[in-house]
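Novice: If you scroll down you'll find the structure; I have some questions about it.
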Amino acid sequence: MRTVKVGIIGLGPRTETLLASFMEIKGVEVVAVCDLQEDRIEKIKGIFKKHERAIPQSHTDYHELLKNDEVEAVFVPTSWNSHLQIAVECANAGKYVAIEVGGAASIDELWQLVHAYERTGCPIMMLENCCYARNEMMVLNMVRQGLFGELVYCEGGYEHNLRNRLAEIETTYEERAFHNLRRNGELYPTHELGPIAKILNINRGNRFVSLTATASKSRSIQEYRRERAEEGMAFDPNVTYNEGDVITTVIKCANGETITLTHSVCLPRPYSRNGRVQGTKGIWLEDVQGIYIEGMSREEILLDAAGNPYDVHYWDKQEDYYEEYDHPIWKEYSKQKMIGGHDGIDSLAIRAFLDAVRNRENTPIDVYDVAAWMAVTCLSEQSIATGSMPVAFPDFTNGKWIRREPAPKSRWALDQVHEDLFDLD
Ligand SMILES: NC(=O)c1ccc[n+]([C@@H]2O[C@H](COP(=O)([O-])OP(=O)(O)OC[C@H]3O[C@@H](n4cnc5c(N)ncnc54)[C@H](O)[C@@H]3O)[C@@H](O)[C@H]2O)c1
């Protein structure tokens with residue numbers, strides 16, 4: 001297996017987590033790193049030292065890293081407001097690019113990304129690790145085998161109580177806090193929307209056509225800051241946040257499906273991506289960890305007090321489907337110890353990208369996926385700002401979605417499931 005030499009631009013906490021996966025993956029060498037901040041460079045170099053790996057070259061200006069001919073591909077885990085411009089420059093320098101998750105600030109920056117790919121032919125992927133999560137992949141596998149019938153409706157969310165981190169605008173560097181302070185929209189759509197978009201064949205025979213978004217009032221972070229200020233923390237209790245506590249976005253697809261997204265990052269609750277995939281024959285619902293398939297799942301006819309019959313339908317546990325319907329990637333990797341961030345899904349997304357680089361083929365999440373998924377953020381802001389008016393999605397494929405060539409046949413493909421590429425005995 002050929003070793004792929006890569007660079008990393010942006011050395012924050014996310015890169016520290018990604019490096020745990022890099023250290024375990026064969027056939028990759030980090031030869032150059034870059035951050036604006038020297039202390040972050042030193043911290044990252046310390047990780048290479050600890051693992052007794054060659055220390056990469058370091059830069060504070062990423063243009064220097066891009067001049068390095070050894071670097072074939074670049075990871076860009078910088079910030080939501082910088083990674084797209086850097087990705088364009090990576091493609092212009094002839095490098096494969098992997099950006100991190102997040103939403104776009106404008107449609108214009110997404111067109112720049114698409115044009116950079118079309119001009120240079122350098123694939124641009126988002127490392128959307130949740131596309132490689134076990135349940136989402138199993139559901140993709142089951143959908144492709146027809147178990148859910150024709151899909152009608154999907155739901156997803158980023159429901160994660162980050163209130164204490166978002167409140168710390170006086171002390172944090174965390175960019176997300178300032179986006180929540182200033183903006184009002186679906187700020188973080190891709191963890192849940194990525195897998196749904198793949199399941200619904202978005203950009204390959206289907207596309208997002210329009211959305212509406214609605215914001216609830218914004219209360220939770222202000223309340224938290226007021227309470228902490230009363231306890232003596234140095235918070236200005238009068239700061240108000242623009243982001244609604246719950247943002248609800250409804251997307252309409254060309255083939256008639258609807259998708260509801262929920263962004264909720266400051267109300268007390270357990271984490272959920274709130275997944276739901278529903279068709280004419282069945283449903284997966286993440287929050288009950290359940291699946292119901294007509295004709296397979298348990299159904300009973302009971303009698304009410306007046307003796308009239310009524311149907312009761314019972315959830316199957318989603319884990320009962322793993323043995324038969326786990327995606328081949330999970331069948332293969334769960335035999336090994338899954339190492340790295342987020343139960344191994346970071347590692348799967350990185351491997352998917354590296355294999356595409358090694359084989360010089362397009363990435364399983366391509367620039368059109370990235371543009372469509374990230375567009376939700378700025379379009380939802382526009383809808384909320386105009387009283388939940390519908391907003392049209394641009395067609396970043398310029399009509400190619402209607403009859404696009406199939407994605408490369410690969411073990412990592414998220415459009416189809418290629419069982420024949422796995423040896424599962
Ligand atoms: N996929 C996931 O599960 C997951 C988890 C956590 C974070 N993330 C994403 O990863 C990204 C990074 O997160 P983080 O917490 O490390 O952010 P961070 O802001 O703490 O770190 C980003 C780093 O990029 C550097 N940077 C910014 N602009 C630069 C430039 N022009 N040149 C060089 N360096 C530059 C900053 O100095 C900083 O060190 C974010 O987009 C975040 O949403 C993804």
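By convention here, the chains of the structure tokens are called A, B, ... in the order presented, each chain's residues are numbered starting at 1, and ligands are numbered starting at 1 in the order presented.
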Against ligand 1, which residues of chain A fall within 7 Å? For each one I want the closest pair of atoms and the distance in Å (one decimal), counting only C-alpha atoms and all ligand atoms, rows by chain and increasing residue number, as CSV.
Specialist:
```
residue,atom,partner,partner_atom_place_in_ligand_line,distance
A:Ile9,CA,ligand 1,33 (C),5.3
A:Gly10,CA,ligand 1,24 (O),3.3
A:Leu11,CA,ligand 1,39 (O),4.7
A:Gly12,CA,ligand 1,16 (O),3.4
A:Pro13,CA,ligand 1,16 (O),4.0
A:Arg14,CA,ligand 1,16 (O),3.7
A:Thr15,CA,ligand 1,16 (O),5.8
A:Cys34,CA,ligand 1,33 (C),5.4
A:Asp35,CA,ligand 1,34 (N),3.5
A:Leu36,CA,ligand 1,34 (N),4.6
A:Gln37,CA,ligand 1,37 (O),5.3
A:Arg40,CA,ligand 1,39 (O),6.0
A:Thr60,CA,ligand 1,33 (C),6.2
A:Asp61,CA,ligand 1,32 (N),6.0
A:Tyr62,CA,ligand 1,32 (N),5.5
A:Pro77,CA,ligand 1,11 (C),4.4
A:Thr78,CA,ligand 1,24 (O),3.6
A:Ser79,CA,ligand 1,41 (O),4.6
A:Trp80,CA,ligand 1,41 (O),5.0
A:Ser82,CA,ligand 1,28 (N),5.7
A:Glu100,CA,ligand 1,41 (O),5.0
A:Val101,CA,ligand 1,41 (O),5.2
A:Gly102,CA,ligand 1,43 (O),5.3
A:Leu127,CA,ligand 1,1 (N),6.5
A:Glu128,CA,ligand 1,1 (N),5.9
A:Asn129,CA,ligand 1,1 (N),5.7
A:Tyr173,CA,ligand 1,20 (O),6.5
A:Glu174,CA,ligand 1,19 (O),5.4
A:Glu175,CA,ligand 1,19 (O),5.7
```
Novice: Kindly export the residues of the current selection with N, CA and C atoms, as a PDB file, in the first residue's frame.
Specialist:
```pdb
ATOM      1  N   ILE A   9      -3.499  21.753   8.104  1.00  0.00           N
ATOM      2  CA  ILE A   9      -3.577  23.202   8.375  1.00  0.00           C
ATOM      3  C   ILE A   9      -4.643  23.406   9.450  1.00  0.00           C
ATOM      4  N   GLY A  10      -4.239  23.967  10.593  1.00  0.00           N
ATOM      5  CA  GLY A  10      -5.173  24.143  11.717  1.00  0.00           C
ATOM      6  C   GLY A  10      -4.905  23.078  12.758  1.00  0.00           C
ATOM      7  N   LEU A  11      -4.341  23.478  13.878  1.00  0.00           N
ATOM      8  CA  LEU A  11      -3.856  22.484  14.851  1.00  0.00           C
ATOM      9  C   LEU A  11      -4.548  22.663  16.204  1.00  0.00           C
ATOM     10  N   GLY A  12      -5.860  22.831  16.160  1.00  0.00           N
ATOM     11  CA  GLY A  12      -6.625  22.983  17.404  1.00  0.00           C
ATOM     12  C   GLY A  12      -6.943  21.631  18.018  1.00  0.00           C
ATOM     13  N   PRO A  13      -7.868  21.611  18.984  1.00  0.00           N
ATOM     14  CA  PRO A  13      -8.246  20.361  19.659  1.00  0.00           C
ATOM     15  C   PRO A  13      -8.716  19.285  18.687  1.00  0.00           C
ATOM     16  N   ARG A  14      -9.372  19.693  17.585  1.00  0.00           N
ATOM     17  CA  ARG A  14      -9.861  18.693  16.635  1.00  0.00           C
ATOM     18  C   ARG A  14      -8.697  17.901  16.028  1.00  0.00           C
ATOM     19  N   THR A  15      -7.620  18.607  15.725  1.00  0.00           N
ATOM     20  CA  THR A  15      -6.464  17.913  15.151  1.00  0.00           C
ATOM     21  C   THR A  15      -5.847  16.968  16.175  1.00  0.00           C
ATOM     22  N   CYS A  34       0.637  23.251   9.952  1.00  0.00           N
ATOM     23  CA  CYS A  34       0.600  24.723   9.953  1.00  0.00           C
ATOM     24  C   CYS A  34      -0.457  25.223  10.924  1.00  0.00           C
ATOM     25  N   ASP A  35      -0.108  26.224  11.670  1.00  0.00           N
ATOM     26  CA  ASP A  35      -1.101  26.971  12.451  1.00  0.00           C
ATOM     27  C   ASP A  35      -0.597  28.398  12.599  1.00  0.00           C
ATOM     28  N   LEU A  36      -1.518  29.327  12.785  1.00  0.00           N
ATOM     29  CA  LEU A  36      -1.136  30.722  13.003  1.00  0.00           C
ATOM     30  C   LEU A  36      -0.447  30.863  14.356  1.00  0.00           C
ATOM     31  N   GLN A  37      -0.740  29.927  15.270  1.00  0.00           N
ATOM     32  CA  GLN A  37      -0.255  30.067  16.649  1.00  0.00           C
ATOM     33  C   GLN A  37       0.886  29.083  16.927  1.00  0.00           C
ATOM     34  N   ARG A  40       0.373  26.174  19.455  1.00  0.00           N
ATOM     35  CA  ARG A  40      -0.372  25.000  18.961  1.00  0.00           C
ATOM     36  C   ARG A  40       0.557  24.105  18.125  1.00  0.00           C
ATOM     37  N   THR A  60       3.749  28.802   9.811  1.00  0.00           N
ATOM     38  CA  THR A  60       2.661  29.643  10.319  1.00  0.00           C
ATOM     39  C   THR A  60       1.865  30.252   9.156  1.00  0.00           C
ATOM     40  N   ASP A  61       2.377  30.090   7.938  1.00  0.00           N
ATOM     41  CA  ASP A  61       1.647  30.573   6.759  1.00  0.00           C
ATOM     42  C   ASP A  61       1.355  29.353   5.875  1.00  0.00           C
ATOM     43  N   TYR A  62       0.073  29.055   5.656  1.00  0.00           N
ATOM     44  CA  TYR A  62      -0.243  27.808   4.936  1.00  0.00           C
ATOM     45  C   TYR A  62       0.213  27.843   3.481  1.00  0.00           C
ATOM     46  N   PRO A  77      -8.594  21.306   9.275  1.00  0.00           N
ATOM     47  CA  PRO A  77      -9.515  21.502  10.413  1.00  0.00           C
ATOM     48  C   PRO A  77      -9.291  22.871  11.061  1.00  0.00           C
ATOM     49  N   THR A  78      -9.503  23.934  10.282  1.00  0.00           N
ATOM     50  CA  THR A  78      -9.372  25.280  10.864  1.00  0.00           C
ATOM     51  C   THR A  78     -10.740  25.670  11.428  1.00  0.00           C
ATOM     52  N   SER A  79     -11.276  26.793  11.007  1.00  0.00           N
ATOM     53  CA  SER A  79     -12.532  27.245  11.605  1.00  0.00           C
ATOM     54  C   SER A  79     -13.586  27.374  10.519  1.00  0.00           C
ATOM     55  N   TRP A  80     -14.832  27.545  10.943  1.00  0.00           N
ATOM     56  CA  TRP A  80     -15.940  27.616   9.980  1.00  0.00           C
ATOM     57  C   TRP A  80     -15.751  28.770   8.995  1.00  0.00           C
ATOM     58  N   SER A  82     -12.870  29.996   7.910  1.00  0.00           N
ATOM     59  CA  SER A  82     -11.624  30.046   7.136  1.00  0.00           C
ATOM     60  C   SER A  82     -11.411  28.820   6.244  1.00  0.00           C
ATOM     61  N   GLU A 100     -13.117  20.060   7.541  1.00  0.00           N
ATOM     62  CA  GLU A 100     -13.942  19.574   8.651  1.00  0.00           C
ATOM     63  C   GLU A 100     -15.389  20.021   8.437  1.00  0.00           C
ATOM     64  N   VAL A 101     -16.226  19.672   9.402  1.00  0.00           N
ATOM     65  CA  VAL A 101     -17.657  19.947   9.275  1.00  0.00           C
ATOM     66  C   VAL A 101     -17.952  21.422   9.570  1.00  0.00           C
ATOM     67  N   GLY A 102     -19.205  21.809   9.427  1.00  0.00           N
ATOM     68  CA  GLY A 102     -19.607  23.202   9.683  1.00  0.00           C
ATOM     69  C   GLY A 102     -20.532  23.657   8.577  1.00  0.00           C
ATOM     70  N   LEU A 127     -14.833  15.755   5.897  1.00  0.00           N
ATOM     71  CA  LEU A 127     -14.642  14.584   6.768  1.00  0.00           C
ATOM     72  C   LEU A 127     -15.880  14.452   7.651  1.00  0.00           C
ATOM     73  N   GLU A 128     -17.016  14.138   7.046  1.00  0.00           N
ATOM     74  CA  GLU A 128     -18.255  14.021   7.827  1.00  0.00           C
ATOM     75  C   GLU A 128     -18.279  12.617   8.409  1.00  0.00           C
ATOM     76  N   ASN A 129     -17.693  12.522   9.593  1.00  0.00           N
ATOM     77  CA  ASN A 129     -17.510  11.225  10.247  1.00  0.00           C
ATOM     78  C   ASN A 129     -18.845  10.505  10.500  1.00  0.00           C
ATOM     79  N   TYR A 173     -11.595  30.766  22.883  1.00  0.00           N
ATOM     80  CA  TYR A 173     -11.282  31.031  21.498  1.00  0.00           C
ATOM     81  C   TYR A 173     -12.344  30.380  20.615  1.00  0.00           C
ATOM     82  N   GLU A 174     -13.203  29.574  21.219  1.00  0.00           N
ATOM     83  CA  GLU A 174     -14.041  28.702  20.397  1.00  0.00           C
ATOM     84  C   GLU A 174     -14.971  29.519  19.497  1.00  0.00           C
ATOM     85  N   GLU A 175     -14.756  29.332  18.191  1.00  0.00           N
ATOM     86  CA  GLU A 175     -15.476  30.116  17.199  1.00  0.00           C
ATOM     87  C   GLU A 175     -16.993  29.909  17.292  1.00  0.00           C
TER      88      GLU A 175
END
```
Novice: So which residues of region 349-415 of chain A fall under alpha helix (DSSP H) by DSSP, listed as a PyMOL selection string?
Specialist: chain A and resi 349-358+367-385
Novice: If you count only C-alpha atoms, which residues fall within 10 Å of Gly157 (chain A), apart from same-chain ones fewer than 2 positions away, as a PyMOL selection string?
Specialist: chain A and resi 155+159-160+186+188-193+247-249+260-264+271-276
Novice: What's the separation between CA of His83 (chain A) and CA of Ile8 (chain A), in Å to one decimal place?
Specialist: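 Computing it gives 11.7 Å between the two atoms.
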Novice: Separation of CA of Ala104 (chain A) and CA of Met374 (chain A), in Å?
Specialist: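 Computing the Euclidean distance for CA of Ala104 (chain A) and CA of Met374 (chain A) yields 5.1 Å.
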Novice: Name all residues at most 12 Å from region 389-405 of chain A (count only C-alpha atoms; drop same-chain ones fewer than 5 positions away) and give them as a VMD selection string.
Specialist: chain A and resid 106 to 115 117 to 118 201 to 214 249 to 255 362 366 to 384 415
Novice: Hey, which of A:Leu200, A:Gly194, A:Ile41, A:Leu19 ends up closest to Gln416 (chain A)? Count only C-alpha atoms.
Specialist: A:Leu200
Novice: Rank nothing, just name the residue among A:Gly232, A:Gly185, A:Gly295, A:Pro123 nearest to Gly149 (chain A), using only C-alpha atoms.
Specialist: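 When distances to Gly149 (chain A) are compared using only C-alpha atoms, the smallest one comes from A:Gly295.
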